[in-house]
file entry38.csv (CSV, C-alpha atoms)
chain,number,residue,atom,x,y,z
A,1,MET,CA,-71.6,-13.3,-8.4
A,2,ARG,CA,-69.1,-16.0,-7.5
A,3,VAL,CA,-67.2,-15.4,-10.7
A,4,VAL,CA,-66.9,-11.7,-10.0
A,5,LEU,CA,-65.6,-12.3,-6.5
A,6,SER,CA,-63.1,-14.9,-7.8
A,7,VAL,CA,-61.8,-12.4,-10.4
A,8,VAL,CA,-61.6,-9.7,-7.7
A,9,PHE,CA,-59.7,-12.1,-5.4
A,10,VAL,CA,-57.2,-13.0,-8.2
A,11,ILE,CA,-56.6,-9.4,-9.0
A,12,CYS,CA,-56.0,-8.5,-5.3
A,13,LEU,CA,-53.7,-11.5,-5.0
A,14,CYS,CA,-51.7,-10.5,-8.0
A,15,VAL,CA,-51.4,-6.9,-6.8
A,16,GLY,CA,-50.2,-8.1,-3.4
A,17,LEU,CA,-47.6,-10.5,-5.0
A,18,HIS,CA,-46.4,-7.7,-7.3
A,19,ALA,CA,-45.9,-5.4,-4.3
A,20,GLN,CA,-44.0,-8.0,-2.4
A,21,ALA,CA,-41.8,-8.8,-5.5
A,22,THR,CA,-41.2,-5.1,-6.0
A,23,SER,CA,-40.1,-4.6,-2.4
A,24,ALA,CA,-37.8,-7.7,-2.6
A,25,VAL,CA,-36.2,-6.4,-5.8
A,26,ALA,CA,-35.7,-2.9,-4.2
A,27,ASN,CA,-34.1,-4.5,-1.0
A,28,SER,CA,-31.9,-6.7,-3.3
A,29,LYS,CA,-30.7,-3.6,-5.3
A,30,GLN,CA,-30.0,-1.8,-2.0
A,31,ALA,CA,-27.8,-4.7,-0.8
A,32,ASP,CA,-26.1,-4.9,-4.2
A,33,ALA,CA,-25.2,-1.2,-3.8
A,34,CYS,CA,-22.9,-2.1,-0.9
A,35,ARG,CA,-19.3,-2.6,-2.2
A,36,SER,CA,-16.6,-4.1,-0.1
A,37,ALA,CA,-14.5,-1.6,1.8
A,38,GLY,CA,-11.4,-3.7,1.1
A,39,LEU,CA,-9.2,-5.9,3.2
A,40,LYS,CA,-7.0,-3.1,4.5
A,41,ALA,CA,-9.7,-0.6,5.1
A,42,GLN,CA,-9.4,1.4,8.3
A,43,THR,CA,-11.6,0.4,11.2
A,44,LYS,CA,-14.6,2.7,11.6
A,45,TRP,CA,-15.6,1.4,15.0
A,46,ILE,CA,-15.2,-1.6,17.3
A,47,GLY,CA,-18.2,-3.8,18.2
A,48,TRP,CA,-19.2,-7.1,19.9
A,49,SER,CA,-21.6,-9.7,18.7
A,50,ILE,CA,-24.9,-10.0,20.6
A,51,GLY,CA,-25.5,-13.7,20.9
A,52,GLU,CA,-24.3,-16.1,18.2
A,53,VAL,CA,-24.3,-14.1,14.9
A,54,GLU,CA,-24.5,-15.8,11.4
A,55,LEU,CA,-21.9,-14.3,9.0
A,56,ARG,CA,-22.5,-13.9,5.3
A,57,THR,CA,-20.2,-13.3,2.3
A,58,GLY,CA,-22.2,-10.3,1.3
A,59,PRO,CA,-24.7,-7.7,2.7
A,60,GLY,CA,-27.9,-9.8,2.6
A,61,MET,CA,-29.6,-13.1,3.3
A,62,LYS,CA,-29.3,-14.1,-0.3
A,63,TYR,CA,-25.5,-14.3,0.1
A,64,PRO,CA,-24.0,-17.6,1.2
A,65,VAL,CA,-23.0,-18.2,4.8
A,66,HIS,CA,-19.4,-17.3,5.4
A,67,GLU,CA,-16.9,-20.2,5.5
A,68,SER,CA,-15.6,-19.3,9.0
A,69,GLY,CA,-18.9,-20.0,10.7
A,70,ASP,CA,-20.7,-17.8,13.2
A,71,LEU,CA,-19.4,-15.2,15.7
A,72,LEU,CA,-19.8,-16.3,19.3
A,73,ASP,CA,-21.5,-14.2,21.9
A,74,GLY,CA,-19.4,-11.2,22.8
A,75,GLU,CA,-16.8,-11.7,20.1
A,76,ARG,CA,-14.9,-8.5,19.3
A,77,ILE,CA,-15.0,-7.3,15.6
A,78,GLN,CA,-13.6,-4.4,13.7
A,79,VAL,CA,-16.4,-2.8,11.6
A,80,LEU,CA,-15.2,-1.3,8.3
A,81,GLN,CA,-18.5,0.0,7.0
A,82,GLU,CA,-22.3,0.0,7.5
A,83,CYS,CA,-24.6,-0.4,4.5
A,84,ASN,CA,-28.4,-0.9,4.4
A,85,GLY,CA,-28.6,-2.6,7.8
A,86,TRP,CA,-25.4,-4.7,7.4
A,87,VAL,CA,-21.9,-4.2,8.6
A,88,GLU,CA,-18.7,-5.4,6.9
A,89,ALA,CA,-16.1,-6.4,9.4
A,90,ARG,CA,-13.1,-8.5,10.2
A,91,VAL,CA,-11.7,-10.0,13.4
A,92,MET,CA,-8.0,-10.0,12.5
A,93,PRO,CA,-5.8,-6.9,13.3
A,94,ILE,CA,-4.7,-5.0,10.2
A,95,ARG,CA,-1.0,-5.6,11.1
A,96,LEU,CA,-1.4,-9.4,10.5
A,97,ILE,CA,-3.2,-9.1,7.2
A,98,ASP,CA,-0.1,-8.9,5.0
A,99,GLY,CA,1.0,-12.3,6.2
A,100,VAL,CA,-2.3,-13.9,5.2
A,101,ILE,CA,-2.1,-12.2,1.8
A,102,SER,CA,1.4,-13.4,1.2
A,103,GLU,CA,0.4,-17.0,2.1
A,104,HIS,CA,-2.9,-17.2,0.3
A,105,GLY,CA,-3.1,-14.3,-2.2
A,106,SER,CA,-5.2,-11.2,-1.9
A,107,LYS,CA,-8.5,-12.6,-3.3
A,108,LYS,CA,-8.5,-15.6,-1.0
A,109,ALA,CA,-7.4,-13.5,1.9
A,110,GLN,CA,-10.3,-11.2,1.4
A,111,ARG,CA,-12.8,-14.1,1.2
A,112,MET,CA,-11.3,-15.6,4.4
A,113,LEU,CA,-11.0,-12.4,6.5
A,114,LEU,CA,-13.9,-10.1,5.5
A,115,PHE,CA,-17.5,-10.9,6.4
A,116,TRP,CA,-21.0,-9.2,6.7
A,117,ALA,CA,-23.3,-9.4,9.6
A,118,GLN,CA,-26.7,-7.8,10.3
A,119,ARG,CA,-26.2,-4.5,12.1
A,120,GLN,CA,-28.8,-5.3,14.7
A,121,SER,CA,-26.6,-8.2,15.9
A,122,ILE,CA,-23.6,-6.0,16.7
A,123,ARG,CA,-23.2,-3.8,19.7
A,124,ARG,CA,-21.0,-0.7,19.1
A,125,GLN,CA,-18.4,0.0,21.7
A,126,GLY,CA,-19.7,2.7,24.0
A,127,ASP,CA,-23.4,2.0,23.3
call {"tool": "encode", "arguments": {"input": "entry38.csv", "output": "structure tokens"}}
result
Amino acid sequence: MRVVLSVVFVICLCVGLHAQATSAVANSKQADACRSAGLKAQTKWIGWSIGEVELRTGPGMKYPVHESGDLLDGERIQVLQECNGWVEARVMPIRLIDGVISEHGSKKAQRMLLFWAQRQSIRRQGD
């Protein structure tokens, strides 16, 4: 009887772990479907951070923390796109971006200026 219960427990445990892994893979694939809007993309909407907001280099917790640190409470951002619960944004006005590109090159400028934050941490202007 104990052997049967142990086998049933192991099967249930494996099914549960498989379901969690499948869900994690699906969420990862969704985040990977988010492509950068680009450094000079038009602003879709203006928002403010709700509390201190951790920034990421990509749309998901698996991406490294952004080199610029966190947004402070109430910091204004320009949202470029929303994707799977994340927003890609910048804080620098588009008119100043060419200067950063000429000084650092476009790849480094993009790494420096664009970031991702969880959508729930950003309040849209007018909401």
call {"tool": "atom_distance", "arguments": {"input": "entry38.csv", "atom1": "atom CA of A:Arg76", "atom2": "atom CA of A:Gly60"}}
result
21.2 Å
call {"tool": "atom_distance", "arguments": {"input": "entry38.csv", "atom1": "atom CA of A:Gln125", "atom2": "atom CA of A:Trp45"}}
result
7.4 Å
call {"tool": "residues_around", "arguments": {"input": "entry38.csv", "residues": "A:Glu67", "least_positions_apart": "5", "cutoff": "9 Å", "atoms": "only C-alpha atoms", "output": "JSON list (two decimals) with C-alpha atoms, keeping the file's coordinate frame"}}
result
[["chain", "number", "residue", "atom", "x", "y", "z"],
["A", 55, "LEU", "CA", -21.90, -14.30, 9.00],
["A", 56, "ARG", "CA", -22.50, -13.90, 5.30],
["A", 57, "THR", "CA", -20.20, -13.30, 2.30],
["A", 111, "ARG", "CA", -12.80, -14.10, 1.20],
["A", 112, "MET", "CA", -11.30, -15.60, 4.40]]
call {"tool": "closest_residue", "arguments": {"input": "entry38.csv", "among": "A:Val53, A:Cys83, A:Leu39, A:Leu72", "to": "A:Leu114", "atoms": "only C-alpha atoms"}}
result
A:Leu39
call {"tool": "residues_around", "arguments": {"input": "entry38.csv", "residues": "A:Val87", "least_positions_apart": "3", "cutoff": "7 Å", "atoms": "all atoms listed in the file", "output": "PyMOL selection string"}}
result
chain A and resi 79+81-83+116-119
call {"tool": "closest_residue", "arguments": {"input": "entry38.csv", "among": "A:Pro93, A:Gly99, A:Gly126, A:Glu52", "to": "A:Gln78", "atoms": "only C-alpha atoms"}}
result
A:Pro93
call {"tool": "atom_distance", "arguments": {"input": "entry38.csv", "atom1": "atom CA of A:Ala89", "atom2": "atom CA of A:Gly47"}}
result
9.4 Å
call {"tool": "residues_near_point", "arguments": {"input": "entry38.csv", "point": "(-18.7, -2.2, -1.7)", "cutoff": "10 Å", "atoms": "only C-alpha atoms", "output": "list in words"}}
result
Ala31, Asp32, Ala33, Cys34, Arg35, Ser36, Ala37, Gly38, Gly58, Pro59, Gln81, Cys83 and Glu88 of chain A
call {"tool": "residues_around", "arguments": {"input": "entry38.csv", "residues": "A:Ile101", "least_positions_apart": "3", "cutoff": "12 Å", "atoms": "only C-alpha atoms", "output": "ChimeraX atom specification"}}
result
/A:39-40,94-98,104-113
call {"tool": "decode", "arguments": {"input": "entry38.csv", "residues": "stretch 41-86 of chain A", "atoms": "N, CA and C atoms", "output": "PDB file, in the first residue's frame"}}
result
ATOM      1  N   ALA A  41      12.235  55.515 -31.527  1.00  0.00           N
ATOM      2  CA  ALA A  41      10.800  55.242 -31.684  1.00  0.00           C
ATOM      3  C   ALA A  41       9.980  56.384 -31.085  1.00  0.00           C
ATOM      4  N   GLN A  42       8.834  56.630 -31.664  1.00  0.00           N
ATOM      5  CA  GLN A  42       7.947  57.674 -31.154  1.00  0.00           C
ATOM      6  C   GLN A  42       7.353  57.257 -29.811  1.00  0.00           C
ATOM      7  N   THR A  43       7.177  58.213 -28.953  1.00  0.00           N
ATOM      8  CA  THR A  43       6.575  57.978 -27.641  1.00  0.00           C
ATOM      9  C   THR A  43       5.096  57.628 -27.827  1.00  0.00           C
ATOM     10  N   LYS A  44       4.666  56.515 -27.231  1.00  0.00           N
ATOM     11  CA  LYS A  44       3.251  56.103 -27.293  1.00  0.00           C
ATOM     12  C   LYS A  44       2.438  56.822 -26.217  1.00  0.00           C
ATOM     13  N   TRP A  45       3.034  56.911 -25.017  1.00  0.00           N
ATOM     14  CA  TRP A  45       2.383  57.620 -23.920  1.00  0.00           C
ATOM     15  C   TRP A  45       3.402  57.969 -22.839  1.00  0.00           C
ATOM     16  N   ILE A  46       3.032  58.921 -21.988  1.00  0.00           N
ATOM     17  CA  ILE A  46       3.880  59.371 -20.892  1.00  0.00           C
ATOM     18  C   ILE A  46       3.377  58.714 -19.607  1.00  0.00           C
ATOM     19  N   GLY A  47       4.315  58.313 -18.771  1.00  0.00           N
ATOM     20  CA  GLY A  47       3.933  57.714 -17.509  1.00  0.00           C
ATOM     21  C   GLY A  47       4.857  58.132 -16.378  1.00  0.00           C
ATOM     22  N   TRP A  48       4.485  57.723 -15.163  1.00  0.00           N
ATOM     23  CA  TRP A  48       5.282  57.976 -13.968  1.00  0.00           C
ATOM     24  C   TRP A  48       5.435  56.677 -13.207  1.00  0.00           C
ATOM     25  N   SER A  49       6.586  56.534 -12.572  1.00  0.00           N
ATOM     26  CA  SER A  49       6.830  55.334 -11.775  1.00  0.00           C
ATOM     27  C   SER A  49       6.024  55.400 -10.480  1.00  0.00           C
ATOM     28  N   ILE A  50       5.532  54.246 -10.073  1.00  0.00           N
ATOM     29  CA  ILE A  50       4.803  54.111  -8.818  1.00  0.00           C
ATOM     30  C   ILE A  50       5.776  53.495  -7.825  1.00  0.00           C
ATOM     31  N   GLY A  51       6.315  54.298  -6.952  1.00  0.00           N
ATOM     32  CA  GLY A  51       7.350  53.817  -6.030  1.00  0.00           C
ATOM     33  C   GLY A  51       8.663  53.665  -6.779  1.00  0.00           C
ATOM     34  N   GLU A  52       9.610  53.024  -6.136  1.00  0.00           N
ATOM     35  CA  GLU A  52      10.898  52.753  -6.779  1.00  0.00           C
ATOM     36  C   GLU A  52      10.722  51.554  -7.703  1.00  0.00           C
ATOM     37  N   VAL A  53      11.139  51.694  -8.961  1.00  0.00           N
ATOM     38  CA  VAL A  53      10.891  50.659  -9.970  1.00  0.00           C
ATOM     39  C   VAL A  53      12.222  50.116 -10.488  1.00  0.00           C
ATOM     40  N   GLU A  54      12.383  48.794 -10.386  1.00  0.00           N
ATOM     41  CA  GLU A  54      13.585  48.145 -10.907  1.00  0.00           C
ATOM     42  C   GLU A  54      13.506  48.065 -12.423  1.00  0.00           C
ATOM     43  N   LEU A  55      14.579  48.462 -13.085  1.00  0.00           N
ATOM     44  CA  LEU A  55      14.637  48.437 -14.541  1.00  0.00           C
ATOM     45  C   LEU A  55      15.403  47.211 -15.006  1.00  0.00           C
ATOM     46  N   ARG A  56      15.008  46.683 -16.148  1.00  0.00           N
ATOM     47  CA  ARG A  56      15.650  45.506 -16.748  1.00  0.00           C
ATOM     48  C   ARG A  56      16.111  45.825 -18.160  1.00  0.00           C
ATOM     49  N   THR A  57      17.029  45.024 -18.663  1.00  0.00           N
ATOM     50  CA  THR A  57      17.523  45.208 -20.029  1.00  0.00           C
ATOM     51  C   THR A  57      16.604  44.569 -21.058  1.00  0.00           C
ATOM     52  N   GLY A  58      15.647  43.804 -20.626  1.00  0.00           N
ATOM     53  CA  GLY A  58      14.687  43.153 -21.503  1.00  0.00           C
ATOM     54  C   GLY A  58      13.378  42.937 -20.770  1.00  0.00           C
ATOM     55  N   PRO A  59      12.353  42.454 -21.471  1.00  0.00           N
ATOM     56  CA  PRO A  59      11.009  42.330 -20.915  1.00  0.00           C
ATOM     57  C   PRO A  59      10.798  41.066 -20.092  1.00  0.00           C
ATOM     58  N   GLY A  60      11.443  40.973 -18.950  1.00  0.00           N
ATOM     59  CA  GLY A  60      11.264  39.817 -18.088  1.00  0.00           C
ATOM     60  C   GLY A  60      12.279  39.798 -16.963  1.00  0.00           C
ATOM     61  N   MET A  61      11.955  39.055 -15.923  1.00  0.00           N
ATOM     62  CA  MET A  61      12.835  38.968 -14.763  1.00  0.00           C
ATOM     63  C   MET A  61      14.124  38.215 -15.072  1.00  0.00           C
ATOM     64  N   LYS A  62      14.156  37.475 -16.172  1.00  0.00           N
ATOM     65  CA  LYS A  62      15.367  36.727 -16.519  1.00  0.00           C
ATOM     66  C   LYS A  62      16.457  37.643 -17.080  1.00  0.00           C
ATOM     67  N   TYR A  63      16.063  38.864 -17.472  1.00  0.00           N
ATOM     68  CA  TYR A  63      17.032  39.807 -18.021  1.00  0.00           C
ATOM     69  C   TYR A  63      17.764  40.520 -16.893  1.00  0.00           C
ATOM     70  N   PRO A  64      19.015  40.901 -17.145  1.00  0.00           N
ATOM     71  CA  PRO A  64      19.780  41.596 -16.099  1.00  0.00           C
ATOM     72  C   PRO A  64      19.169  42.946 -15.728  1.00  0.00           C
ATOM     73  N   VAL A  65      19.481  43.380 -14.519  1.00  0.00           N
ATOM     74  CA  VAL A  65      19.084  44.706 -14.068  1.00  0.00           C
ATOM     75  C   VAL A  65      19.810  45.725 -14.944  1.00  0.00           C
ATOM     76  N   HIS A  66      19.115  46.784 -15.309  1.00  0.00           N
ATOM     77  CA  HIS A  66      19.681  47.832 -16.171  1.00  0.00           C
ATOM     78  C   HIS A  66      20.783  48.583 -15.439  1.00  0.00           C
ATOM     79  N   GLU A  67      21.821  48.976 -16.171  1.00  0.00           N
ATOM     80  CA  GLU A  67      22.985  49.639 -15.587  1.00  0.00           C
ATOM     81  C   GLU A  67      22.663  50.992 -14.957  1.00  0.00           C
ATOM     82  N   SER A  68      21.571  51.621 -15.344  1.00  0.00           N
ATOM     83  CA  SER A  68      21.257  52.945 -14.804  1.00  0.00           C
ATOM     84  C   SER A  68      20.587  52.901 -13.441  1.00  0.00           C
ATOM     85  N   GLY A  69      20.259  51.725 -12.958  1.00  0.00           N
ATOM     86  CA  GLY A  69      19.633  51.610 -11.643  1.00  0.00           C
ATOM     87  C   GLY A  69      18.124  51.669 -11.721  1.00  0.00           C
ATOM     88  N   ASP A  70      17.493  52.076 -10.638  1.00  0.00           N
ATOM     89  CA  ASP A  70      16.036  52.089 -10.528  1.00  0.00           C
ATOM     90  C   ASP A  70      15.463  53.462 -10.871  1.00  0.00           C
ATOM     91  N   LEU A  71      14.183  53.466 -11.239  1.00  0.00           N
ATOM     92  CA  LEU A  71      13.442  54.724 -11.324  1.00  0.00           C
ATOM     93  C   LEU A  71      13.034  55.112  -9.912  1.00  0.00           C
ATOM     94  N   LEU A  72      13.083  56.385  -9.610  1.00  0.00           N
ATOM     95  CA  LEU A  72      12.611  56.871  -8.322  1.00  0.00           C
ATOM     96  C   LEU A  72      11.108  57.083  -8.386  1.00  0.00           C
ATOM     97  N   ASP A  73      10.465  57.134  -7.244  1.00  0.00           N
ATOM     98  CA  ASP A  73       9.019  57.350  -7.182  1.00  0.00           C
ATOM     99  C   ASP A  73       8.651  58.638  -7.906  1.00  0.00           C
ATOM    100  N   GLY A  74       7.715  58.538  -8.837  1.00  0.00           N
ATOM    101  CA  GLY A  74       7.216  59.704  -9.552  1.00  0.00           C
ATOM    102  C   GLY A  74       8.058  60.152 -10.731  1.00  0.00           C
ATOM    103  N   GLU A  75       9.076  59.384 -11.085  1.00  0.00           N
ATOM    104  CA  GLU A  75       9.929  59.766 -12.211  1.00  0.00           C
ATOM    105  C   GLU A  75       9.167  59.614 -13.531  1.00  0.00           C
ATOM    106  N   ARG A  76       9.278  60.622 -14.380  1.00  0.00           N
ATOM    107  CA  ARG A  76       8.548  60.665 -15.652  1.00  0.00           C
ATOM    108  C   ARG A  76       9.301  59.859 -16.705  1.00  0.00           C
ATOM    109  N   ILE A  77       8.556  59.043 -17.466  1.00  0.00           N
ATOM    110  CA  ILE A  77       9.164  58.254 -18.540  1.00  0.00           C
ATOM    111  C   ILE A  77       8.336  58.374 -19.817  1.00  0.00           C
ATOM    112  N   GLN A  78       8.988  58.076 -20.925  1.00  0.00           N
ATOM    113  CA  GLN A  78       8.333  58.037 -22.229  1.00  0.00           C
ATOM    114  C   GLN A  78       8.210  56.565 -22.621  1.00  0.00           C
ATOM    115  N   VAL A  79       6.997  56.065 -22.657  1.00  0.00           N
ATOM    116  CA  VAL A  79       6.764  54.665 -22.994  1.00  0.00           C
ATOM    117  C   VAL A  79       6.721  54.513 -24.511  1.00  0.00           C
ATOM    118  N   LEU A  80       7.535  53.587 -25.015  1.00  0.00           N
ATOM    119  CA  LEU A  80       7.622  53.352 -26.449  1.00  0.00           C
ATOM    120  C   LEU A  80       6.736  52.208 -26.908  1.00  0.00           C
ATOM    121  N   GLN A  81       6.547  51.217 -26.024  1.00  0.00           N
ATOM    122  CA  GLN A  81       5.686  50.084 -26.356  1.00  0.00           C
ATOM    123  C   GLN A  81       5.342  49.311 -25.096  1.00  0.00           C
ATOM    124  N   GLU A  82       4.267  48.532 -25.181  1.00  0.00           N
ATOM    125  CA  GLU A  82       3.880  47.584 -24.139  1.00  0.00           C
ATOM    126  C   GLU A  82       3.945  46.195 -24.738  1.00  0.00           C
ATOM    127  N   CYS A  83       4.422  45.235 -23.951  1.00  0.00           N
ATOM    128  CA  CYS A  83       4.516  43.865 -24.445  1.00  0.00           C
ATOM    129  C   CYS A  83       4.488  42.884 -23.280  1.00  0.00           C
ATOM    130  N   ASN A  84       3.453  42.078 -23.213  1.00  0.00           N
ATOM    131  CA  ASN A  84       3.345  40.991 -22.230  1.00  0.00           C
ATOM    132  C   ASN A  84       3.581  41.448 -20.800  1.00  0.00           C
ATOM    133  N   GLY A  85       2.958  42.550 -20.413  1.00  0.00           N
ATOM    134  CA  GLY A  85       3.057  43.016 -19.035  1.00  0.00           C
ATOM    135  C   GLY A  85       4.281  43.868 -18.739  1.00  0.00           C
ATOM    136  N   TRP A  86       5.036  44.217 -19.762  1.00  0.00           N
ATOM    137  CA  TRP A  86       6.228  45.055 -19.612  1.00  0.00           C
ATOM    138  C   TRP A  86       6.110  46.264 -20.527  1.00  0.00           C
TER     139      TRP A  86
END
